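Peer 1: Below is one structure. I have some questions about it.
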Amino acid sequence: MKHFNIVTLPGDGIGPEVTSAAVRILESVCGKYDVSLEISEHKIGGVSYETFGTPITEEALEDCKKSDGVLLGAVGGPKWDTLDKDLRPEAALLRLRKELGVYANLRPVFVHKVLRSASSLKEHVLEGVNILIVRELTGGIYFGRPRYTQEEDGITFSVDTLRYSVPEIERVAHKAFEAAAKRSSKICSVDKANVLESSRLWRKTVNRVAGDYPEITLEHMLVDNCAMQLVRHPKQFDVILTGNLFGDILSDEAAMLTGSIGMLPSASLGDGIGLYEPVHGSAPDIAGQNIANPLAAIASVALMCRYSLGLEEAAEEIESAISEFLAAGYRTADIFSQQNKNETLLGTRETGERIHEILHQKQEPTLKD
Ligand code: IPM
Ligand code: MN
């Protein structure tokens, strides 16, 4: 029997609600595959600050480092926006990513056929859209030094540093090429090489890495153009490889192709432990109301099964349960349309329950076989 230690970090806002729905699915699927789980939970973000005076404790970090996988809900909220930068909820997430060494953030943008009408774009634009964004996660302007705010001659200014080294670009590029090899063998590397020095190094390095993957087609695109192409003709993309800040922005934009940011899961990978989190953030305005969409968190559990637990079949089962759930017309508020009579509005918990039931309905035929 396989055994895994999983750490959950539910965090702030809707984080706890979506995490508990996702944990339910993780337990459910592991039960099916005869895998035993030990789950330990830690606080992160604003709730950790409230309890411990720090957005992440050393103990939480140590437990994450010893685990087989980490599932995170969300961090942040207006309540903690004025805190000193090292005490902010976001600082905990950045530190966690850095200390786990998860330099490649995979954000699959899969448009379910039945959700095309939920997007703000025209349905025909969304036909067949299936993109994987590979975002560099532990470098770039998020981490570059120096960074400071200072006053000179009575004028206040701030400095952030956009810095990338060749090894940092190489390792994330390899992850993107490896992912592309399992898909349609096409990568679009996105940068701002017409202006930025670091982007010129990015482009040169990605071109060199491409030499190791002769079967993969590489193209380059400037980030402003990519932002436009994502809404003009998203089907042209398969794997998008980009830096930390560009990836942050483009993935929120791409999320809207799926109908809602509540649909986008992510896997942050390095050479060891994986960190799994929905892309949507803490959404404090709808927290605690049982209306948040847990599908991104549930799909993140599928990614955990795939990339950290070696349970590919379980991953596929969760993903098809999500498709089946949507095809049956079940919707959370963010993707629900009053006009469509075939849709049933469900809450966060009920969504988790329904996905659990779908997973177990599937088990019966196998047992009878
Ligand atoms: C994300 C989030 C984070 C980021 C924030 C919360 C620090 O927006 O995961 O996309 O910018 O990386
Ligand atoms: Mn973001």
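Each chain in the structure tokens gets a letter, A, B and so on, in the order shown; residues start at 1 in every chain, and ligands are counted from 1 in the order they appear.
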As a quick test: using only C-alpha atoms and all ligand atoms, which residues lie no more than 7 Å away from ligand 1? Give them as a ChimeraX atom specification.

Peer 2: /A:75-76,90,93-94,248,279,281

Peer 1: Would you output that residue set with N, CA, C and O atoms, as a short mmCIF file (atom, residue, chain, number, x, y, z; two decimals), in the first residue's frame?

Peer 2:
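part_10.cif, written as the output of this step:
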```
data_model
loop_
_atom_site.label_atom_id
_atom_site.label_comp_id
_atom_site.auth_asym_id
_atom_site.auth_seq_id
_atom_site.Cartn_x
_atom_site.Cartn_y
_atom_site.Cartn_z
N VAL A 75 -4.10 33.06 -0.25
CA VAL A 75 -3.65 33.99 0.79
C VAL A 75 -4.03 35.42 0.43
O VAL A 75 -4.15 35.76 -0.74
N GLY A 76 -4.22 36.24 1.45
CA GLY A 76 -4.40 37.68 1.22
C GLY A 76 -5.79 38.17 1.56
O GLY A 76 -6.74 37.39 1.72
N GLU A 90 1.07 37.55 1.17
CA GLU A 90 1.73 37.16 -0.08
C GLU A 90 3.19 36.79 0.15
O GLU A 90 3.76 35.96 -0.57
N LEU A 93 3.61 33.14 0.74
CA LEU A 93 3.50 32.31 -0.46
C LEU A 93 4.79 32.37 -1.27
O LEU A 93 5.30 31.35 -1.75
N LEU A 94 5.35 33.56 -1.40
CA LEU A 94 6.58 33.70 -2.17
C LEU A 94 7.72 32.95 -1.49
O LEU A 94 8.52 32.27 -2.13
N ASP A 248 2.07 35.65 -14.52
CA ASP A 248 1.02 36.00 -13.57
C ASP A 248 -0.12 36.70 -14.30
O ASP A 248 -1.30 36.36 -14.15
N VAL A 279 -5.68 29.02 -8.98
CA VAL A 279 -5.10 30.30 -9.38
C VAL A 279 -5.90 31.49 -8.83
O VAL A 279 -5.40 32.61 -8.74
N GLY A 281 -7.08 32.92 -6.02
CA GLY A 281 -6.88 33.86 -4.92
C GLY A 281 -7.98 33.79 -3.87
O GLY A 281 -8.88 32.95 -3.94
#
```

Peer 1: Enumerate as a VMD selection string the residues within 12 Å of ligand 2, counting only C-alpha atoms and all ligand atoms.

Peer 2: chain A and resid 74 to 76 90 93 to 94 105 107 135 137 142 244 to 255 261 264 to 266 277 to 282

Peer 1: Using only C-alpha atoms, pick whichever of A:Pro89, A:His174, A:Gly154, A:Ala227 has the shortest atom-to-atom distance to Thr57 (chain A).

Peer 2: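 For Thr57 (chain A), the nearest of the given residues is A:Pro89.
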
Peer 1: In Å, rounded to a single decimal, give me how far CA of Val239 (chain A) is from CA of Leu196 (chain A).

Peer 2: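 Separation of CA of Leu196 (chain A) and CA of Val239 (chain A): 22.3 Å.
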
Peer 1: Using only C-alpha atoms, which residues sit within 12 Å of Asp285 (chain A) once same-chain residues fewer than 5 positions away are excluded, as a list in words?

Peer 2: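 Residues meeting the cut-off are Asp12, Gly13, Ile14, Gly76, Gly77, Pro78, Lys79, Asn290, Ile291 and Ala292 of chain A.
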
Peer 1: What residues in region 71-271 of chain A get the DSSP label strand (DSSP E or B)? Please answer as an MDAnalysis selection string.

Peer 2: chainID A and resid 71:74 104:110 130:136 144:152 155:161 186:191 217:222 239:242 267:269

Peer 1: Would you please work out which residue, of A:Val23, A:Leu96, A:Ala287, A:Ala173, is nearest to Gly211 (chain A) when using only C-alpha atoms?

Peer 2: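 When distances to Gly211 (chain A) are compared using only C-alpha atoms, the smallest one comes from A:Ala173.
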
Peer 1: Which residues, written as an MDAnalysis selection string, have at least one atom at most 12 Å from Ala104 (chain A), with only C-alpha atoms counted and residues fewer than 3 positions away on the same chain left out?

Peer 2: chainID A and resid 97:98 100:101 107 132:139 168:179 241:244 247 266:276

Peer 1: Please identify every residue of region 109-154 of chain A that has at least one atom no farther than 12 Å from an atom of region 322-329 of chain A, counting only C-alpha atoms, and for each give the shortest atom pair and the distance in Å to one decimal, arranged by chain then increasing number, as CSV.

Peer 2:
```
residue,atom,partner,partner_atom,distance
A:Phe110,CA,A:Ser323,CA,10.6
A:Val111,CA,A:Ser323,CA,10.3
A:His112,CA,A:Ser323,CA,7.1
A:Lys113,CA,A:Ala327,CA,8.6
A:Val114,CA,A:Ala327,CA,6.3
A:Leu115,CA,A:Leu326,CA,7.8
A:Arg116,CA,A:Leu326,CA,11.4
A:Ala118,CA,A:Leu326,CA,11.7
```

Peer 1: So what do you get for CA of Arg145 (chain A) versus CA of Ser165 (chain A), distance-wise?

Peer 2: 12.8 Å

Peer 1: Give the alpha helix (DSSP H) residues of region 102-280 of chain A, as DSSP finds them on the backbone, and put them as number ranges by chain.

Peer 2: A: 123-126, 166-181, 197-210, 223-232, 244-255

Peer 1: Once you have the residues from the selection above, write them out as an mmCIF file, in the first residue's frame, restricted to C-alpha atoms.

Peer 2:
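Wrote selection05.cif, looks like this:
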```
data_model
loop_
_atom_site.group_PDB
_atom_site.id
_atom_site.type_symbol
_atom_site.label_atom_id
_atom_site.label_comp_id
_atom_site.auth_asym_id
_atom_site.auth_seq_id
_atom_site.Cartn_x
_atom_site.Cartn_y
_atom_site.Cartn_z
ATOM 1 C CA GLU A 123 -18.076 30.773 -28.383
ATOM 2 C CA HIS A 124 -16.435 30.037 -31.756
ATOM 3 C CA VAL A 125 -13.206 31.681 -30.551
ATOM 4 C CA LEU A 126 -13.020 29.118 -27.731
ATOM 5 C CA VAL A 166 20.914 31.476 -17.630
ATOM 6 C CA PRO A 167 20.417 28.462 -15.274
ATOM 7 C CA GLU A 168 17.088 29.865 -14.066
ATOM 8 C CA ILE A 169 15.837 30.202 -17.633
ATOM 9 C CA GLU A 170 17.229 26.823 -18.682
ATOM 10 C CA ARG A 171 15.545 24.786 -15.960
ATOM 11 C CA VAL A 172 12.075 26.208 -16.506
ATOM 12 C CA ALA A 173 12.513 25.946 -20.274
ATOM 13 C CA HIS A 174 13.324 22.241 -19.895
ATOM 14 C CA LYS A 175 10.088 21.742 -17.950
ATOM 15 C CA ALA A 176 8.150 23.478 -20.724
ATOM 16 C CA PHE A 177 9.800 21.431 -23.482
ATOM 17 C CA GLU A 178 9.169 18.207 -21.558
ATOM 18 C CA ALA A 179 5.510 19.188 -21.181
ATOM 19 C CA ALA A 180 5.255 20.102 -24.858
ATOM 20 C CA ALA A 181 6.654 16.712 -25.842
ATOM 21 C CA GLU A 197 17.823 43.010 -21.582
ATOM 22 C CA SER A 198 16.616 40.099 -19.420
ATOM 23 C CA SER A 199 14.163 39.148 -22.171
ATOM 24 C CA ARG A 200 16.932 39.035 -24.767
ATOM 25 C CA LEU A 201 18.827 36.615 -22.523
ATOM 26 C CA TRP A 202 15.586 34.683 -22.039
ATOM 27 C CA ARG A 203 15.092 34.321 -25.792
ATOM 28 C CA LYS A 204 18.698 33.331 -26.493
ATOM 29 C CA THR A 205 18.665 30.742 -23.709
ATOM 30 C CA VAL A 206 15.329 29.239 -24.742
ATOM 31 C CA ASN A 207 16.637 28.942 -28.315
ATOM 32 C CA ARG A 208 19.652 27.043 -27.034
ATOM 33 C CA VAL A 209 17.540 24.698 -24.881
ATOM 34 C CA ALA A 210 15.361 24.065 -27.956
ATOM 35 C CA VAL A 223 4.123 39.806 -24.307
ATOM 36 C CA ASP A 224 1.904 42.654 -25.481
ATOM 37 C CA ASN A 225 1.110 40.778 -28.661
ATOM 38 C CA CYS A 226 0.488 37.583 -26.670
ATOM 39 C CA ALA A 227 -2.032 39.382 -24.457
ATOM 40 C CA MET A 228 -3.865 40.387 -27.613
ATOM 41 C CA GLN A 229 -3.576 37.001 -29.365
ATOM 42 C CA LEU A 230 -4.975 35.218 -26.292
ATOM 43 C CA VAL A 231 -8.337 36.867 -26.837
ATOM 44 C CA ARG A 232 -8.114 37.136 -30.637
ATOM 45 C CA ASN A 244 7.170 35.240 -13.458
ATOM 46 C CA LEU A 245 5.368 38.574 -13.874
ATOM 47 C CA PHE A 246 4.239 38.029 -17.473
ATOM 48 C CA GLY A 247 2.971 34.579 -16.479
ATOM 49 C CA ASP A 248 1.018 36.000 -13.566
ATOM 50 C CA ILE A 249 -0.773 38.477 -15.809
ATOM 51 C CA LEU A 250 -1.292 36.243 -18.848
ATOM 52 C CA SER A 251 -2.686 33.391 -16.746
ATOM 53 C CA ASP A 252 -5.406 35.578 -15.244
ATOM 54 C CA GLU A 253 -6.278 36.721 -18.747
ATOM 55 C CA ALA A 254 -6.276 33.149 -20.073
ATOM 56 C CA ALA A 255 -8.449 32.039 -17.159
#
```

Peer 1: Compile the contact shell of region 354-361 of chain A as a list in words: residues with an atom at most 8 Å away, counting only C-alpha atoms, same-chain residues fewer than 5 positions apart removed.

Peer 2: Arg24, Ile25, Ser28, Val29, Glu317, Ile318, Ala321, Ile322, Glu324 and Phe325 of chain A

Peer 1: Taking only C-alpha atoms into account, which of A:Val18, A:Leu26, A:Val109, A:Leu309 comes nearest Ala283 (chain A)?

Peer 2: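 Smallest distance to Ala283 (chain A) is found for A:Val18.
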
Peer 1: When you look at Pro16 (chain A) with a cut-off of 10 Å (counting only C-alpha atoms), what residues show up, excluding the ones that are within fewer than 3 positions of it in the same chain? I need them as an MDAnalysis selection string.

Peer 2: chainID A and resid 8:13 19:22 43 72:74 282 287:288

Peer 1: Just how far from CA of Thr332 (chain A) is CA of Ser117 (chain A), in Å to one decimal?

Peer 2: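 Taking CA of Ser117 (chain A) and CA of Thr332 (chain A), their separation equals 14.4 Å.
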
Peer 1: Point out the residue among A:Ser40, A:Ser119, A:Ser337, A:Ser185 with the least atom-to-atom distance to Met263 (chain A), counting only C-alpha atoms.

Peer 2: A:Ser119
